[in-house]
Structures are given as C-alpha cells and as structure tokens.
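J.: What follows is the file model17.pdb, containing PDB, C-alpha atoms, pLDDT in the B column:
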MODEL        1
ATOM      1  CA  MET V   1      10.284 -21.430 -23.740  1.00 39.00           C
ATOM      2  CA  THR V   2      12.532 -18.612 -22.639  1.00 43.00           C
ATOM      3  CA  TYR V   3      12.468 -16.933 -19.256  1.00 41.00           C
ATOM      4  CA  LYS V   4      12.951 -13.246 -18.731  1.00 43.00           C
ATOM      5  CA  LYS V   5      15.574 -12.448 -16.099  1.00 45.00           C
ATOM      6  CA  VAL V   6      13.968 -10.853 -13.060  1.00 45.00           C
ATOM      7  CA  GLU V   7      16.236  -8.399 -11.283  1.00 50.00           C
ATOM      8  CA  MET V   8      15.897  -8.813  -7.541  1.00 44.00           C
ATOM      9  CA  PRO V   9      16.672  -6.418  -4.701  1.00 44.00           C
ATOM     10  CA  ASP V  10      20.169  -6.619  -3.247  1.00 46.00           C
ATOM     11  CA  LYS V  11      19.720  -8.101   0.226  1.00 49.00           C
ATOM     12  CA  PRO V  12      18.486 -11.670   0.841  1.00 38.00           C
ATOM     13  CA  ASP V  13      15.646 -10.518   3.093  1.00 55.00           C
ATOM     14  CA  ASP V  14      14.617  -8.026   0.408  1.00 84.00           C
ATOM     15  CA  GLN V  15      14.523 -10.881  -2.114  1.00 88.00           C
ATOM     16  CA  GLU V  16      12.144 -12.770   0.153  1.00 90.00           C
ATOM     17  CA  ALA V  17       9.977  -9.694   0.640  1.00 92.00           C
ATOM     18  CA  PHE V  18       9.979  -8.996  -3.094  1.00 93.00           C
ATOM     19  CA  ALA V  19       8.917 -12.585  -3.825  1.00 94.00           C
ATOM     20  CA  ALA V  20       6.140 -12.466  -1.216  1.00 94.00           C
ATOM     21  CA  ILE V  21       4.852  -9.106  -2.447  1.00 96.00           C
ATOM     22  CA  THR V  22       4.965 -10.300  -6.049  1.00 96.00           C
ATOM     23  CA  ARG V  23       2.931 -13.414  -5.164  1.00 95.00           C
ATOM     24  CA  VAL V  24       0.244 -11.290  -3.494  1.00 96.00           C
ATOM     25  CA  ILE V  25       0.079  -8.718  -6.294  1.00 97.00           C
ATOM     26  CA  ASN V  26      -0.025 -11.409  -8.988  1.00 96.00           C
ATOM     27  CA  ALA V  27      -2.822 -13.253  -7.188  1.00 95.00           C
ATOM     28  CA  TRP V  28      -4.748  -9.963  -6.880  1.00 96.00           C
ATOM     29  CA  ASP V  29      -4.011  -9.085 -10.540  1.00 96.00           C
ATOM     30  CA  PRO V  30      -5.606  -5.622 -10.177  1.00 95.00           C
ATOM     31  CA  GLN V  31      -5.645  -4.892 -13.907  1.00 94.00           C
ATOM     32  CA  ALA V  32      -6.530  -8.490 -14.882  1.00 95.00           C
ATOM     33  CA  LEU V  33      -3.404  -8.527 -17.045  1.00 96.00           C
ATOM     34  CA  ILE V  34      -2.123 -11.925 -15.917  1.00 95.00           C
ATOM     35  CA  ALA V  35      -5.606 -13.365 -16.405  1.00 95.00           C
ATOM     36  CA  GLN V  36      -5.383 -12.087 -19.997  1.00 96.00           C
ATOM     37  CA  GLY V  37      -2.058 -13.844 -20.590  1.00 96.00           C
ATOM     38  CA  ALA V  38       0.514 -11.279 -19.420  1.00 96.00           C
ATOM     39  CA  PRO V  39       3.748 -12.735 -18.010  1.00 95.00           C
ATOM     40  CA  GLU V  40       4.188 -13.354 -14.276  1.00 93.00           C
ATOM     41  CA  ASP V  41       6.561 -10.375 -14.050  1.00 94.00           C
ATOM     42  CA  GLU V  42       3.873  -7.958 -15.263  1.00 95.00           C
ATOM     43  CA  TYR V  43       3.673  -6.192 -11.892  1.00 96.00           C
ATOM     44  CA  GLU V  44       7.414  -6.330 -11.151  1.00 94.00           C
ATOM     45  CA  ALA V  45       7.877  -2.543 -11.104  1.00 93.00           C
ATOM     46  CA  GLU V  46       4.945  -2.054  -8.748  1.00 95.00           C
ATOM     47  CA  ALA V  47       6.105  -4.883  -6.469  1.00 95.00           C
ATOM     48  CA  ARG V  48       9.606  -3.397  -6.407  1.00 93.00           C
ATOM     49  CA  ASP V  49       8.261   0.042  -5.410  1.00 93.00           C
ATOM     50  CA  ILE V  50       6.228  -1.498  -2.618  1.00 95.00           C
ATOM     51  CA  CYS V  51       9.116  -3.721  -1.487  1.00 94.00           C
ATOM     52  CA  ASN V  52      11.671  -0.913  -1.423  1.00 92.00           C
ATOM     53  CA  THR V  53       9.431   1.378   0.596  1.00 93.00           C
ATOM     54  CA  LEU V  54       8.340  -1.343   3.020  1.00 94.00           C
ATOM     55  CA  THR V  55      11.818  -2.735   3.660  1.00 90.00           C
ATOM     56  CA  ALA V  56      13.224   0.785   4.108  1.00 89.00           C
ATOM     57  CA  GLY V  57      10.874   1.230   7.046  1.00 91.00           C
ATOM     58  CA  HIS V  58       8.755   3.986   5.509  1.00 93.00           C
ATOM     59  CA  ILE V  59       5.437   2.214   6.131  1.00 94.00           C
ATOM     60  CA  GLY V  60       4.236   1.878   9.697  1.00 94.00           C
ATOM     61  CA  SER V  61       0.848   0.198   9.454  1.00 96.00           C
ATOM     62  CA  GLU V  62      -1.405  -1.936   7.309  1.00 96.00           C
ATOM     63  CA  GLN V  63      -3.514   1.144   6.492  1.00 97.00           C
ATOM     64  CA  GLU V  64      -0.430   3.089   5.389  1.00 97.00           C
ATOM     65  CA  LEU V  65       0.516   0.126   3.204  1.00 97.00           C
ATOM     66  CA  ALA V  66      -2.931   0.083   1.561  1.00 97.00           C
ATOM     67  CA  ILE V  67      -2.625   3.809   0.843  1.00 97.00           C
ATOM     68  CA  TYR V  68       0.861   3.319  -0.572  1.00 97.00           C
ATOM     69  CA  ILE V  69      -0.215   0.406  -2.771  1.00 97.00           C
ATOM     70  CA  ALA V  70      -3.025   2.564  -4.196  1.00 97.00           C
ATOM     71  CA  THR V  71      -0.518   5.355  -4.843  1.00 97.00           C
ATOM     72  CA  VAL V  72       1.892   2.987  -6.603  1.00 96.00           C
ATOM     73  CA  PHE V  73      -0.774   1.611  -8.923  1.00 97.00           C
ATOM     74  CA  GLU V  74      -2.083   5.093  -9.651  1.00 96.00           C
ATOM     75  CA  LYS V  75       1.441   6.141 -10.614  1.00 95.00           C
ATOM     76  CA  TRP V  76       2.078   3.156 -12.883  1.00 94.00           C
ATOM     77  CA  PHE V  77      -1.355   2.881 -14.504  1.00 94.00           C
ATOM     78  CA  GLY V  78      -2.462   6.508 -14.497  1.00 93.00           C
ATOM     79  CA  GLU V  79      -5.869   5.811 -13.044  1.00 93.00           C
ATOM     80  CA  HIS V  80      -7.438   6.086  -9.606  1.00 94.00           C
ATOM     81  CA  PHE V  81      -7.107   3.104  -7.277  1.00 92.00           C
ATOM     82  CA  ALA V  82      -9.378   3.234  -4.228  1.00 95.00           C
ATOM     83  CA  VAL V  83      -7.562   2.374  -1.031  1.00 96.00           C
ATOM     84  CA  GLY V  84     -10.313  -0.119  -0.221  1.00 95.00           C
ATOM     85  CA  THR V  85      -9.501  -2.155  -3.327  1.00 95.00           C
ATOM     86  CA  CYS V  86      -5.922  -2.469  -2.058  1.00 96.00           C
ATOM     87  CA  ALA V  87      -6.859  -3.377   1.524  1.00 96.00           C
ATOM     88  CA  PHE V  88      -6.815  -7.163   1.242  1.00 96.00           C
ATOM     89  CA  SER V  89      -3.464  -7.223  -0.553  1.00 96.00           C
ATOM     90  CA  ALA V  90      -2.124  -4.792   2.049  1.00 97.00           C
ATOM     91  CA  HIS V  91      -3.417  -7.085   4.783  1.00 96.00           C
ATOM     92  CA  LEU V  92      -1.642 -10.116   3.311  1.00 95.00           C
ATOM     93  CA  ILE V  93       1.615  -8.267   2.694  1.00 96.00           C
ATOM     94  CA  TRP V  94       1.565  -6.611   6.129  1.00 96.00           C
ATOM     95  CA  ALA V  95       0.898  -9.947   7.872  1.00 93.00           C
ATOM     96  CA  TRP V  96       3.826 -11.524   6.004  1.00 93.00           C
ATOM     97  CA  TRP V  97       6.032  -8.536   6.822  1.00 93.00           C
ATOM     98  CA  GLN V  98       5.181  -8.641  10.527  1.00 91.00           C
ATOM     99  CA  GLU V  99       6.068 -12.325  10.645  1.00 88.00           C
ATOM    100  CA  HIS V 100       9.291 -12.111   8.608  1.00 85.00           C
ATOM    101  CA  ARG V 101      10.846  -8.665   9.030  1.00 77.00           C
ATOM    102  CA  GLY V 102      14.287  -8.642  10.502  1.00 56.00           C
ATOM    103  CA  LYS V 103      14.919 -12.255   9.572  1.00 54.00           C
ATOM    104  CA  THR V 104      17.657 -13.136   7.134  1.00 42.00           C
ATOM    105  CA  ALA V 105      17.779 -15.873   4.551  1.00 44.00           C
ATOM    106  CA  SER V 106      19.951 -17.942   6.908  1.00 41.00           C
ATOM    107  CA  GLU V 107      17.371 -17.985   9.732  1.00 43.00           C
TER     108      GLU V 107
ENDMDL
END
Translate the structure described by the file into structure tokens.

T.:
Amino acid sequence: MTYKKVEMPDKPDDQEAFAAITRVINAWDPQALIAQGAPEDEYEAEARDICNTLTAGHIGSEQELAIYIATVFEKWFGEHFAVGTCAFSAHLIWAWWQEHRGKTASE
C-alpha cells in the first residue's frame, strides 16, 4: 500500500487545526465520497480553505463558519450547500477552535 503525501500548513498550530478540520469533514463526508471508497484526503482542498480562513482570523462566529463551509463546498463541488447542512460540522470545528486557538504544538 502506498500513501499519498499530504501537504500541511506551515505553522504547527495550523497543522493541528488542519488535522482537526479534516477529521470533522471526513466524518461528515458531505458528498459520501469516502463512504464510496475515496481516499481519506478526498476533502483536503476544502479542509485547507477552511483552515486557512479560520486560522487567519477571518471567521468570528460559529454561524460565520457554517456559512463559510457552505461557500467552500459550493465552490469545490459546484452545487448548492445549505448552511444548515454545515451547521453541525461548523459547531464541532468552532468548539475545537475555541479550545485550542492560540496554543502551539509545544503547549
């Protein structure tokens, strides 16, 4: 079995955020691609978009995160994503972010 190299964000705290966001998105599997056998990095681009925007401080609430997640998936899949379908993933990601933001890998 070979493993595809996953490029991670530069900073250690971004790597942690990227990993957490990826876990949530993969568990949600909004297009059921992983359930159909797609690799675990299937939503890497979407997770990276979400991670970069969140860690840059451009999202100020769980609701804003849900809206942004819907926007990201609309961009990547070319179909409408209702904000409500993104709410639970936004809740999980936002809760993780509130608990971990500002911490570094050494803490």

J.: Counting all atoms listed in the file, what is within 9 Å of Thr85 (chain V), bar same-chain residues fewer than 6 positions away, as an mmCIF file with C-alpha atoms, keeping the file's coordinate frame?

T.:
data_model
loop_
_atom_site.group_PDB
_atom_site.id
_atom_site.type_symbol
_atom_site.label_atom_id
_atom_site.label_comp_id
_atom_site.auth_asym_id
_atom_site.auth_seq_id
_atom_site.Cartn_x
_atom_site.Cartn_y
_atom_site.Cartn_z
ATOM 1 C CA PRO V 30 -5.606 -5.622 -10.177
ATOM 2 C CA ALA V 66 -2.931 0.083 1.561
ATOM 3 C CA ALA V 70 -3.025 2.564 -4.196
#

J.: Please evaluate the PyMOL selection byres ((chain V and resi 17) around 9) against the structure above and give the resulting residues as a list of chain:residue names.

T.: V:Pro12, V:Asp13, V:Asp14, V:Gln15, V:Glu16, V:Phe18, V:Ala19, V:Ala20, V:Ile21, V:Thr22, V:Cys51, V:Leu54, V:Thr55, V:Ile93, V:Trp96, V:Trp97, V:His100, V:Arg101

J.: Given the choices V:Ile25, V:Leu65, V:Ala82, V:Ser89, which gets closest to Ala45 (chain V) if the distance is worked out from only C-alpha atoms?

T.: V:Ile25

J.: Between V:Val72, V:Glu64, V:Gly37, V:Cys86, which has the minimum distance to Ile50 (chain V) (counting only C-alpha atoms)?

T.: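 Nearest candidate to Ile50 (chain V) out of V:Val72, V:Glu64, V:Gly37, V:Cys86: V:Val72.
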
J.: Would you please work out which residue, of V:Ile67, V:Ala90, V:Phe77, V:Thr53, is nearest to Leu33 (chain V) when using only C-alpha atoms?

T.: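 For Leu33 (chain V), the nearest of the given residues is V:Phe77.
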
J.: Choose the residue, out of V:Gly57, V:Ala95, V:Lys75, V:Phe88, that has the smallest atom-to-atom separation from Ala27 (chain V); count all atoms listed in the file.

T.: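 Using all atoms listed in the file, the shortest distance to Ala27 (chain V) belongs to V:Phe88.
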
J.: Between CA of His91 (chain V) and CA of Ile59 (chain V), what is the distance in Å, rounded to a tenth?

T.: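 So the answer is 12.9 Å.
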
J.: Have a look at CA of Ala32 (chain V) and CA of Gln98 (chain V) and let me know their distance in Å, one decimal.

T.: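 Going from CA of Ala32 (chain V) over to CA of Gln98 (chain V), I get 28.0 Å.
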
J.: What's the separation between CA of Asn52 (chain V) and CA of Gln36 (chain V), in Å to one decimal place?

T.: 27.6 Å
